[in-house]
Amino acid sequence: MNGSNKISLRGYLHNYLVGPLLLTILLVLLNIPMYMLNANAGFVMTCGLILYIMIAASYYYTKKNAVLNELVTFAAQYGQVQKQLIMDLELPYAVLDEGGNFMWFNKGFSDIINKESRRYHKSITTIFPDLMLDRFPKENGEENYYFRYNDRDFRVHMKTITIDSMLDNSAVLERMDDARVFMYAVYLFEETELNYFVRKSEEEKMVSALIYLDNYDEALESVEEVRRSLMIALIDRKITKYFNDLDCVVKKYEKDKYFLTMTAKSLEELKAMRFSILEEVKTVNIGNDMSMTISMGIGANSDSYVTDAEHARIAIDLALGRGGDQVVYRDGDRISYYGGKTQGIEKSTRVKARVKAHALKEFMNSKEKVMVMGHQLTDADTFGAAIGIYRAARTLNKKVHIVVDKPSTSVAPLMAGFLNNPEYGNDLFLNCQEAISHMDKDTILIVVDTNRPSYTECPELLTMAETIVVLDHHRQSDEVIGNTVLSYIEPNASSAAEMVAEILQYFSEGPIIKSLEADAIYAGIMIDTDNFVQKTGVRTFEAAAYLRSCGADATRVRKLFREDLPVYQARGRAIADAEVFRENYVISVCPADHLDSPTIVGAQAANELLNVLGVKASFILTDYEEKIFVSARAIDEVNVQLVMERMGGGGHLNIAGCQLPGYTVDQAKEYLKSVLGEMLDNGEI
């Protein structure tokens, strides 16, 4: 029997061939009225109808097989054409088995990997090593991967193909179990040219920057008057040539300020050079005793050039607030710091302190009450600064509260003198919950000795207060207290107590400080300067002299800070267990057992270790209250603030620290070593 007899047509094609036969029904219906009109005409039409039926039937049965043969031939030829089209398709295409091995790929794919489809059945990982099987898309999934192969960029698009239905209908293959069977379709899209233009577009983005000369007036005063114009010209030439060589445009718009515009590519070159202009400017020397330093603020990758310029202005303010001699780069919402390795230069003038004192007086007069808050674990500097603000507010007859939630043991002797004195009342010191209940719209909140909201004694107060003032001597970071009406941050000051002592001298006609209060402020300066050894300047001693004239007694203060024997033993143990890292860096752990304020002891041990010959910086780790506190100290060769900022903390060039919640002592030590080692290898410190 002919095979075609086993196949029949259906659908539109079948209806098309059967159509003429179906028309005979209409002709039969028309033949009936013809007999009624004329019998001879009806007979003729009947004969014609029979002839038509015979011809139509014969045509249907004879042409059906021919049509079937033509369809089979066309299907076979179409399959070959389709296969050839896929093979010659310019889009590289491949099919993988479940194990990621090549089953087949077209000519476009073959040209890229330089392999033959019939002979190459290895894993796709031989072409793209990073494309492991566990990264393949899951059932009914699709994924995109990006790789570089033979110096060309590719996007690999993979999707799963379920072949269960094919196997169920196959007469050759069958499944061994009920597991799902997959293949993977792979498409290659070359994006070399696209990525080139994307990179080109990114590299040509405009970046705004500001450059300020930090100590313009002071540096000029250190050189003879006839040489000052030469020094200015040399500085201008140094800055202009440096940035012109990097395809940047520099425009000086004030005697000590420059506007800079450049491309993102130039910025990347500057970052690779770690902004060496900071050091090059210092090499200008024509007999000046003081080197010129610069600060730079950069804004990039925001939604507009205007916003970039505004971010550059914010960045330069932050750089100056951190002591200058550094670069602050604001990339969208992310802030990076470069430089800042040298000690900030103390300003000899106290005009800024006088202006801030008058502004603080105005804000205090506008409110009924004053709330003073420092950082967590109140220390002597925070306490002394708070007492100074108390005295300033009392001269204006304002009610004052000081937030002290968890004071350190070093502060207890200072607090005792106020707690036992009826003159200061029972509500001078409040814990966090009490402070929240006392806060209202008629209260001004003054934050001392910190500028980070997360470090404050009671962060909830920051959201409740309408008027906030910040007085601090620590360098600013990207975490700042917002909505402040007055921010006085002076990184060159030795302590917050020194800043408050200066403010008191210009506050009204000079408030009368009692000896007990003078002792507290003096103690804050003494502790933060390690008995006037660390970070002291002319203004530090002037503030101390002012406090001495108000009745502060150095001997009385020293007695307040005498320590118990366990404190000495813990400090000695931290020093004895110290280990040397990279020859010049010392790391140790301070025991916290049986100590009320182990972090203070750790800081003292870090200071002691600086007396060891060859030590550039010391780091003491203390496990306290489920955190690892790191105290970092240096003299003048290393900026420990940069190290602590990398670990989430901050501070000064030679006094800094951080907190590491969730770490063990060993983990914190390894983390510190890795950060310190990386920064040393990259020349960042």
# chains A, B, ... in the order shown; residues from 1 in each chain; ligands from 1
>>> residues_around(residues="Asp440 in chain A", least_positions_apart="3", cutoff="9 Å", atoms="only C-alpha atoms", output="PyMOL selection string")
chain A and resi 369+436-437+443-444+464-466
>>> select_by_dssp(residues="range 189-353 of chain A", states="alpha helix (DSSP H)", output="PyMOL selection string")
chain A and resi 192-203+216-221+228-244+264-272+277-282+305-321+351-353
>>> select_by_dssp(residues="range 278-423 of chain A", states="strand (DSSP E)", output="PyMOL selection string")
chain A and resi 294-300+326-331+334-339+369-373+399-403
>>> write_last_selection(atoms="N, CA, C and O atoms", output="short mmCIF file (atom, residue, chain, number, x, y, z; two decimals), in the first residue's frame")
data_model
loop_
_atom_site.label_atom_id
_atom_site.label_comp_id
_atom_site.auth_asym_id
_atom_site.auth_seq_id
_atom_site.Cartn_x
_atom_site.Cartn_y
_atom_site.Cartn_z
N ILE A 294 47.69 72.69 50.85
CA ILE A 294 46.43 72.91 50.13
C ILE A 294 45.40 71.86 50.53
O ILE A 294 45.76 70.77 51.00
N SER A 295 44.16 72.20 50.33
CA SER A 295 43.04 71.27 50.48
C SER A 295 42.26 71.27 49.18
O SER A 295 42.22 72.26 48.46
N MET A 296 41.62 70.14 48.91
CA MET A 296 40.91 69.99 47.64
C MET A 296 39.59 69.28 47.88
O MET A 296 39.52 68.26 48.59
N GLY A 297 38.52 69.84 47.33
CA GLY A 297 37.20 69.21 47.40
C GLY A 297 36.72 68.87 46.01
O GLY A 297 36.77 69.72 45.11
N ILE A 298 36.27 67.63 45.80
CA ILE A 298 35.87 67.16 44.47
C ILE A 298 34.44 66.64 44.53
O ILE A 298 34.07 65.90 45.46
N GLY A 299 33.64 67.02 43.53
CA GLY A 299 32.28 66.49 43.41
C GLY A 299 32.10 65.83 42.05
O GLY A 299 32.47 66.41 41.03
N ALA A 300 31.58 64.62 42.03
CA ALA A 300 31.43 63.89 40.76
C ALA A 300 30.25 62.93 40.84
O ALA A 300 29.78 62.56 41.93
N GLN A 326 44.57 67.93 52.68
CA GLN A 326 43.99 66.67 52.25
C GLN A 326 42.97 66.90 51.14
O GLN A 326 42.58 68.03 50.84
N VAL A 327 42.54 65.79 50.54
CA VAL A 327 41.54 65.81 49.47
C VAL A 327 40.32 65.05 49.96
O VAL A 327 40.43 63.94 50.49
N VAL A 328 39.16 65.66 49.79
CA VAL A 328 37.89 64.99 50.08
C VAL A 328 37.15 64.85 48.76
O VAL A 328 36.89 65.84 48.07
N TYR A 329 36.84 63.60 48.40
CA TYR A 329 36.21 63.29 47.12
C TYR A 329 34.81 62.75 47.38
O TYR A 329 34.64 61.72 48.02
N ARG A 330 33.81 63.49 46.91
CA ARG A 330 32.42 63.05 47.06
C ARG A 330 31.94 62.47 45.75
O ARG A 330 31.73 63.18 44.77
N ASP A 331 31.75 61.16 45.73
CA ASP A 331 31.29 60.43 44.56
C ASP A 331 29.83 60.07 44.78
O ASP A 331 29.52 59.04 45.39
N ARG A 334 28.87 58.85 48.33
CA ARG A 334 30.01 58.23 49.00
C ARG A 334 31.16 59.22 49.09
O ARG A 334 31.44 59.96 48.16
N ILE A 335 31.83 59.25 50.24
CA ILE A 335 32.92 60.20 50.47
C ILE A 335 34.22 59.44 50.74
O ILE A 335 34.25 58.49 51.53
N SER A 336 35.30 59.86 50.07
CA SER A 336 36.62 59.27 50.26
C SER A 336 37.59 60.37 50.66
O SER A 336 37.42 61.54 50.31
N TYR A 337 38.64 59.94 51.38
CA TYR A 337 39.63 60.89 51.88
C TYR A 337 41.02 60.49 51.40
O TYR A 337 41.36 59.31 51.37
N TYR A 338 41.81 61.48 51.06
CA TYR A 338 43.20 61.27 50.65
C TYR A 338 44.07 62.31 51.35
O TYR A 338 43.67 63.46 51.52
N GLY A 339 45.27 61.89 51.72
CA GLY A 339 46.21 62.82 52.34
C GLY A 339 45.90 63.00 53.81
O GLY A 339 45.50 62.08 54.52
N LYS A 369 15.85 76.92 78.20
CA LYS A 369 16.69 75.90 78.85
C LYS A 369 17.83 75.49 77.92
O LYS A 369 17.73 75.63 76.70
N VAL A 370 18.89 74.94 78.54
CA VAL A 370 20.05 74.47 77.79
C VAL A 370 20.31 73.02 78.18
O VAL A 370 20.39 72.69 79.37
N MET A 371 20.42 72.15 77.18
CA MET A 371 20.75 70.74 77.39
C MET A 371 22.11 70.49 76.76
O MET A 371 22.33 70.80 75.59
N VAL A 372 23.06 69.95 77.54
CA VAL A 372 24.41 69.68 77.06
C VAL A 372 24.61 68.17 77.00
O VAL A 372 24.29 67.46 77.96
N MET A 373 25.14 67.70 75.87
CA MET A 373 25.34 66.26 75.68
C MET A 373 26.69 66.02 75.01
O MET A 373 27.07 66.74 74.09
N LYS A 399 18.31 77.69 82.70
CA LYS A 399 18.32 76.39 83.36
C LYS A 399 19.15 75.43 82.53
O LYS A 399 18.98 75.35 81.31
N VAL A 400 20.04 74.68 83.17
CA VAL A 400 20.98 73.83 82.43
C VAL A 400 20.89 72.39 82.92
O VAL A 400 20.82 72.15 84.13
N HIS A 401 20.92 71.44 81.96
CA HIS A 401 21.01 70.01 82.26
C HIS A 401 22.16 69.42 81.45
O HIS A 401 22.37 69.79 80.29
N ILE A 402 22.88 68.49 82.05
CA ILE A 402 23.97 67.80 81.37
C ILE A 402 23.62 66.31 81.30
O ILE A 402 23.33 65.69 82.32
N VAL A 403 23.64 65.75 80.08
CA VAL A 403 23.29 64.34 79.88
C VAL A 403 24.53 63.48 80.14
O VAL A 403 25.53 63.57 79.42
#
>>> atom_distance(atom1="CA of Glu116 in chain A", atom2="CA of Leu131 in chain A")
20.9 Å
>>> residues_around(residues="Cys432 in chain A", least_positions_apart="2", cutoff="7 Å", atoms="only C-alpha atoms", output="ChimeraX atom specification")
/A:403,405,430,434-436,458
>>> residues_around(residues="range 381-395 of chain A", least_positions_apart="6", cutoff="6 Å", atoms="only C-alpha atoms", output="mmCIF file with all heavy atoms, in the first residue's frame")
data_model
loop_
_atom_site.group_PDB
_atom_site.id
_atom_site.type_symbol
_atom_site.label_atom_id
_atom_site.label_comp_id
_atom_site.auth_asym_id
_atom_site.auth_seq_id
_atom_site.Cartn_x
_atom_site.Cartn_y
_atom_site.Cartn_z
ATOM 1 N N GLY A 374 27.417 64.999 75.457
ATOM 2 C CA GLY A 374 28.680 64.605 74.845
ATOM 3 C C GLY A 374 28.575 63.247 74.188
ATOM 4 O O GLY A 374 27.495 62.815 73.781
ATOM 5 N N ASP A 449 32.342 67.640 72.117
ATOM 6 C CA ASP A 449 33.358 66.589 72.018
ATOM 7 C C ASP A 449 32.994 65.453 71.067
ATOM 8 O O ASP A 449 33.573 64.375 71.136
ATOM 9 C CB ASP A 449 33.685 66.022 73.412
ATOM 10 C CG ASP A 449 35.065 65.368 73.464
ATOM 11 O OD1 ASP A 449 35.935 65.767 72.659
ATOM 12 O OD2 ASP A 449 35.268 64.457 74.287
ATOM 13 N N ALA A 496 38.005 69.660 73.408
ATOM 14 C CA ALA A 496 36.768 70.443 73.444
ATOM 15 C C ALA A 496 36.792 71.396 74.631
ATOM 16 O O ALA A 496 36.236 72.502 74.569
ATOM 17 C CB ALA A 496 35.565 69.509 73.525
ATOM 18 N N ALA A 497 37.442 70.979 75.714
ATOM 19 C CA ALA A 497 37.548 71.845 76.892
ATOM 20 C C ALA A 497 38.325 73.113 76.564
ATOM 21 O O ALA A 497 37.994 74.211 77.051
ATOM 22 C CB ALA A 497 38.221 71.080 78.034
ATOM 23 N N VAL A 500 35.982 75.468 74.689
ATOM 24 C CA VAL A 500 35.003 76.092 75.573
ATOM 25 C C VAL A 500 35.669 77.144 76.452
ATOM 26 O O VAL A 500 35.088 78.210 76.725
ATOM 27 C CB VAL A 500 34.300 75.021 76.424
ATOM 28 C CG1 VAL A 500 33.417 75.660 77.486
ATOM 29 C CG2 VAL A 500 33.470 74.097 75.539
ATOM 30 N N ALA A 520 37.474 71.273 86.505
ATOM 31 C CA ALA A 520 36.884 70.313 85.563
ATOM 32 C C ALA A 520 37.332 70.605 84.135
ATOM 33 O O ALA A 520 37.691 69.692 83.380
ATOM 34 C CB ALA A 520 35.364 70.342 85.666
ATOM 35 N N ILE A 521 37.313 71.894 83.749
ATOM 36 C CA ILE A 521 37.732 72.252 82.388
ATOM 37 C C ILE A 521 39.223 72.003 82.204
ATOM 38 O O ILE A 521 39.662 71.474 81.173
ATOM 39 C CB ILE A 521 37.376 73.721 82.095
ATOM 40 C CG1 ILE A 521 35.876 73.962 82.297
ATOM 41 C CG2 ILE A 521 37.769 74.090 80.659
ATOM 42 C CD1 ILE A 521 35.465 75.422 82.216
ATOM 43 N N GLY A 524 39.943 68.394 81.658
ATOM 44 C CA GLY A 524 39.657 67.937 80.304
ATOM 45 C C GLY A 524 40.806 68.201 79.364
ATOM 46 O O GLY A 524 41.172 67.350 78.537
#
>>> residues_around(residues="range 311-324 of chain A", least_positions_apart="4", cutoff="10 Å", atoms="only C-alpha atoms", output="PyMOL selection string")
chain A and resi 207-215+259-260+293-302+305-307+328-333+335-346+473-478+488-493+651-653
>>> closest_residue(among="A:Leu610, A:Ala543, A:Met679, A:Ile32", to="Leu642 in chain A", atoms="only C-alpha atoms")
A:Met679
>>> closest_residue(among="A:Thr261, A:Asn431, A:Asn397, A:Asn285", to="Ala309 in chain A", atoms="only C-alpha atoms")
A:Thr261
>>> residues_around(residues="Phe105 in chain A", least_positions_apart="2", cutoff="9 Å", atoms="only C-alpha atoms", output="PyMOL selection string")
chain A and resi 87+92-96+102-103+107-110+116-118+186
>>> residues_around(residues="Asn101 in chain A", least_positions_apart="5", cutoff="12 Å", atoms="only C-alpha atoms", output="PDB file with all heavy atoms, in the first residue's frame")
ATOM      1  N   ALA A  94      24.676  28.288  20.570  1.00  0.00           N
ATOM      2  CA  ALA A  94      25.156  26.950  20.918  1.00  0.00           C
ATOM      3  C   ALA A  94      24.135  26.274  21.823  1.00  0.00           C
ATOM      4  O   ALA A  94      23.299  26.930  22.456  1.00  0.00           O
ATOM      5  CB  ALA A  94      26.518  27.022  21.601  1.00  0.00           C
ATOM      6  N   VAL A  95      24.214  24.949  21.867  1.00  0.00           N
ATOM      7  CA  VAL A  95      23.360  24.141  22.729  1.00  0.00           C
ATOM      8  C   VAL A  95      24.261  23.299  23.624  1.00  0.00           C
ATOM      9  O   VAL A  95      25.198  22.643  23.145  1.00  0.00           O
ATOM     10  CB  VAL A  95      22.415  23.237  21.910  1.00  0.00           C
ATOM     11  CG1 VAL A  95      21.564  22.385  22.846  1.00  0.00           C
ATOM     12  CG2 VAL A  95      21.535  24.068  20.991  1.00  0.00           C
ATOM     13  N   LEU A  96      23.975  23.329  24.947  1.00  0.00           N
ATOM     14  CA  LEU A  96      24.752  22.569  25.927  1.00  0.00           C
ATOM     15  C   LEU A  96      23.887  21.498  26.544  1.00  0.00           C
ATOM     16  O   LEU A  96      22.656  21.637  26.652  1.00  0.00           O
ATOM     17  CB  LEU A  96      25.267  23.488  27.043  1.00  0.00           C
ATOM     18  CG  LEU A  96      25.980  24.792  26.647  1.00  0.00           C
ATOM     19  CD1 LEU A  96      26.371  25.551  27.913  1.00  0.00           C
ATOM     20  CD2 LEU A  96      27.208  24.494  25.805  1.00  0.00           C
ATOM     21  N   SER A 117      32.210  22.389  15.353  1.00  0.00           N
ATOM     22  CA  SER A 117      31.063  21.887  16.105  1.00  0.00           C
ATOM     23  C   SER A 117      31.054  20.363  16.180  1.00  0.00           C
ATOM     24  O   SER A 117      30.696  19.782  17.193  1.00  0.00           O
ATOM     25  CB  SER A 117      29.765  22.401  15.476  1.00  0.00           C
ATOM     26  OG  SER A 117      28.638  21.857  16.121  1.00  0.00           O
ATOM     27  N   TYR A 120      34.132  19.303  18.752  1.00  0.00           N
ATOM     28  CA  TYR A 120      34.369  19.911  20.059  1.00  0.00           C
ATOM     29  C   TYR A 120      33.139  19.728  20.941  1.00  0.00           C
ATOM     30  O   TYR A 120      32.091  20.328  20.711  1.00  0.00           O
ATOM     31  CB  TYR A 120      34.669  21.409  19.906  1.00  0.00           C
ATOM     32  CG  TYR A 120      35.312  22.012  21.131  1.00  0.00           C
ATOM     33  CD1 TYR A 120      36.666  21.841  21.389  1.00  0.00           C
ATOM     34  CD2 TYR A 120      34.557  22.750  22.046  1.00  0.00           C
ATOM     35  CE1 TYR A 120      37.258  22.391  22.505  1.00  0.00           C
ATOM     36  CE2 TYR A 120      35.137  23.300  23.169  1.00  0.00           C
ATOM     37  CZ  TYR A 120      36.497  23.118  23.390  1.00  0.00           C
ATOM     38  OH  TYR A 120      37.084  23.658  24.504  1.00  0.00           O
ATOM     39  N   HIS A 121      33.264  18.876  21.949  1.00  0.00           N
ATOM     40  CA  HIS A 121      32.151  18.590  22.853  1.00  0.00           C
ATOM     41  C   HIS A 121      32.574  18.726  24.313  1.00  0.00           C
ATOM     42  O   HIS A 121      32.024  18.045  25.186  1.00  0.00           O
ATOM     43  CB  HIS A 121      31.599  17.185  22.588  1.00  0.00           C
ATOM     44  CG  HIS A 121      31.108  16.996  21.181  1.00  0.00           C
ATOM     45  ND1 HIS A 121      29.962  17.589  20.709  1.00  0.00           N
ATOM     46  CD2 HIS A 121      31.644  16.299  20.138  1.00  0.00           C
ATOM     47  CE1 HIS A 121      29.787  17.258  19.436  1.00  0.00           C
ATOM     48  NE2 HIS A 121      30.802  16.483  19.057  1.00  0.00           N
ATOM     49  N   LYS A 122      33.536  19.608  24.554  1.00  0.00           N
ATOM     50  CA  LYS A 122      33.997  19.830  25.925  1.00  0.00           C
ATOM     51  C   LYS A 122      33.083  20.828  26.637  1.00  0.00           C
ATOM     52  O   LYS A 122      32.157  21.387  26.066  1.00  0.00           O
ATOM     53  CB  LYS A 122      35.438  20.351  25.912  1.00  0.00           C
ATOM     54  CG  LYS A 122      36.438  19.355  25.352  1.00  0.00           C
ATOM     55  CD  LYS A 122      37.851  19.927  25.416  1.00  0.00           C
ATOM     56  CE  LYS A 122      38.871  18.925  24.872  1.00  0.00           C
ATOM     57  NZ  LYS A 122      40.252  19.459  24.929  1.00  0.00           N
ATOM     58  N   SER A 123      33.391  21.057  27.921  1.00  0.00           N
ATOM     59  CA  SER A 123      32.580  21.965  28.729  1.00  0.00           C
ATOM     60  C   SER A 123      32.795  23.410  28.295  1.00  0.00           C
ATOM     61  O   SER A 123      33.870  23.787  27.826  1.00  0.00           O
ATOM     62  CB  SER A 123      32.937  21.818  30.209  1.00  0.00           C
ATOM     63  OG  SER A 123      32.276  22.802  30.988  1.00  0.00           O
ATOM     64  N   ILE A 124      31.746  24.218  28.492  1.00  0.00           N
ATOM     65  CA  ILE A 124      31.853  25.642  28.164  1.00  0.00           C
ATOM     66  C   ILE A 124      32.861  26.344  29.066  1.00  0.00           C
ATOM     67  O   ILE A 124      33.357  27.422  28.748  1.00  0.00           O
ATOM     68  CB  ILE A 124      30.460  26.310  28.272  1.00  0.00           C
ATOM     69  CG1 ILE A 124      30.496  27.710  27.629  1.00  0.00           C
ATOM     70  CG2 ILE A 124      30.000  26.383  29.725  1.00  0.00           C
ATOM     71  CD1 ILE A 124      29.146  28.386  27.557  1.00  0.00           C
ATOM     72  N   THR A 125      33.183  25.743  30.228  1.00  0.00           N
ATOM     73  CA  THR A 125      34.173  26.335  31.134  1.00  0.00           C
ATOM     74  C   THR A 125      35.567  26.355  30.511  1.00  0.00           C
ATOM     75  O   THR A 125      36.426  27.100  30.984  1.00  0.00           O
ATOM     76  CB  THR A 125      34.219  25.571  32.468  1.00  0.00           C
ATOM     77  OG1 THR A 125      34.526  24.193  32.214  1.00  0.00           O
ATOM     78  CG2 THR A 125      32.882  25.661  33.182  1.00  0.00           C
ATOM     79  N   THR A 126      35.797  25.541  29.474  1.00  0.00           N
ATOM     80  CA  THR A 126      37.093  25.599  28.785  1.00  0.00           C
ATOM     81  C   THR A 126      37.229  26.884  27.987  1.00  0.00           C
ATOM     82  O   THR A 126      38.338  27.294  27.643  1.00  0.00           O
ATOM     83  CB  THR A 126      37.267  24.389  27.854  1.00  0.00           C
ATOM     84  OG1 THR A 126      36.202  24.376  26.892  1.00  0.00           O
ATOM     85  CG2 THR A 126      37.234  23.093  28.653  1.00  0.00           C
ATOM     86  N   ILE A 127      36.078  27.496  27.665  1.00  0.00           N
ATOM     87  CA  ILE A 127      36.086  28.775  26.942  1.00  0.00           C
ATOM     88  C   ILE A 127      35.985  29.939  27.933  1.00  0.00           C
ATOM     89  O   ILE A 127      36.728  30.910  27.852  1.00  0.00           O
ATOM     90  CB  ILE A 127      34.924  28.843  25.936  1.00  0.00           C
ATOM     91  CG1 ILE A 127      34.942  27.613  25.011  1.00  0.00           C
ATOM     92  CG2 ILE A 127      34.992  30.134  25.130  1.00  0.00           C
ATOM     93  CD1 ILE A 127      36.213  27.487  24.194  1.00  0.00           C
ATOM     94  N   MET A 132      30.873  28.643  35.994  1.00  0.00           N
ATOM     95  CA  MET A 132      30.765  27.323  36.602  1.00  0.00           C
ATOM     96  C   MET A 132      29.317  26.822  36.530  1.00  0.00           C
ATOM     97  O   MET A 132      28.373  27.595  36.371  1.00  0.00           O
ATOM     98  CB  MET A 132      31.227  27.378  38.062  1.00  0.00           C
ATOM     99  CG  MET A 132      32.618  27.973  38.242  1.00  0.00           C
ATOM    100  SD  MET A 132      33.892  27.145  37.243  1.00  0.00           S
ATOM    101  CE  MET A 132      33.896  25.527  38.017  1.00  0.00           C
ATOM    102  N   LEU A 133      29.171  25.504  36.675  1.00  0.00           N
ATOM    103  CA  LEU A 133      27.861  24.870  36.536  1.00  0.00           C
ATOM    104  C   LEU A 133      26.863  25.391  37.562  1.00  0.00           C
ATOM    105  O   LEU A 133      25.669  25.512  37.276  1.00  0.00           O
ATOM    106  CB  LEU A 133      28.004  23.350  36.667  1.00  0.00           C
ATOM    107  CG  LEU A 133      26.753  22.518  36.352  1.00  0.00           C
ATOM    108  CD1 LEU A 133      26.315  22.740  34.918  1.00  0.00           C
ATOM    109  CD2 LEU A 133      27.015  21.033  36.606  1.00  0.00           C
ATOM    110  N   MET A 183      18.294  21.146  28.567  1.00  0.00           N
ATOM    111  CA  MET A 183      19.429  21.567  27.757  1.00  0.00           C
ATOM    112  C   MET A 183      19.555  23.067  27.975  1.00  0.00           C
ATOM    113  O   MET A 183      18.671  23.705  28.540  1.00  0.00           O
ATOM    114  CB  MET A 183      19.205  21.257  26.272  1.00  0.00           C
ATOM    115  CG  MET A 183      19.214  19.789  25.931  1.00  0.00           C
ATOM    116  SD  MET A 183      19.307  19.512  24.135  1.00  0.00           S
ATOM    117  CE  MET A 183      17.870  20.426  23.567  1.00  0.00           C
ATOM    118  N   TYR A 184      20.670  23.622  27.556  1.00  0.00           N
ATOM    119  CA  TYR A 184      20.900  25.054  27.717  1.00  0.00           C
ATOM    120  C   TYR A 184      21.174  25.675  26.360  1.00  0.00           C
ATOM    121  O   TYR A 184      22.045  25.199  25.617  1.00  0.00           O
ATOM    122  CB  TYR A 184      22.073  25.327  28.650  1.00  0.00           C
ATOM    123  CG  TYR A 184      21.863  24.826  30.057  1.00  0.00           C
ATOM    124  CD1 TYR A 184      22.379  23.593  30.468  1.00  0.00           C
ATOM    125  CD2 TYR A 184      21.147  25.579  30.976  1.00  0.00           C
ATOM    126  CE1 TYR A 184      22.186  23.125  31.748  1.00  0.00           C
ATOM    127  CE2 TYR A 184      20.943  25.119  32.273  1.00  0.00           C
ATOM    128  CZ  TYR A 184      21.467  23.890  32.651  1.00  0.00           C
ATOM    129  OH  TYR A 184      21.266  23.440  33.933  1.00  0.00           O
ATOM    130  N   ALA A 185      20.407  26.717  26.040  1.00  0.00           N
ATOM    131  CA  ALA A 185      20.666  27.500  24.835  1.00  0.00           C
ATOM    132  C   ALA A 185      21.580  28.661  25.214  1.00  0.00           C
ATOM    133  O   ALA A 185      21.338  29.352  26.205  1.00  0.00           O
ATOM    134  CB  ALA A 185      19.366  28.023  24.241  1.00  0.00           C
ATOM    135  N   VAL A 186      22.628  28.861  24.432  1.00  0.00           N
ATOM    136  CA  VAL A 186      23.624  29.888  24.730  1.00  0.00           C
ATOM    137  C   VAL A 186      23.705  30.854  23.555  1.00  0.00           C
ATOM    138  O   VAL A 186      23.877  30.428  22.406  1.00  0.00           O
ATOM    139  CB  VAL A 186      25.015  29.263  24.998  1.00  0.00           C
ATOM    140  CG1 VAL A 186      26.031  30.352  25.298  1.00  0.00           C
ATOM    141  CG2 VAL A 186      24.940  28.260  26.140  1.00  0.00           C
TER     142      VAL A 186
END
>>> closest_residue(among="A:Glu139, A:Asp519, A:Glu637, A:Glu684", to="Ala544 in chain A", atoms="only C-alpha atoms")
A:Asp519
>>> atom_distance(atom1="CA of Val557 in chain A", atom2="CA of Thr540 in chain A")
17.0 Å
>>> atom_distance(atom1="CA of Val638 in chain A", atom2="CA of Glu678 in chain A")
14.5 Å
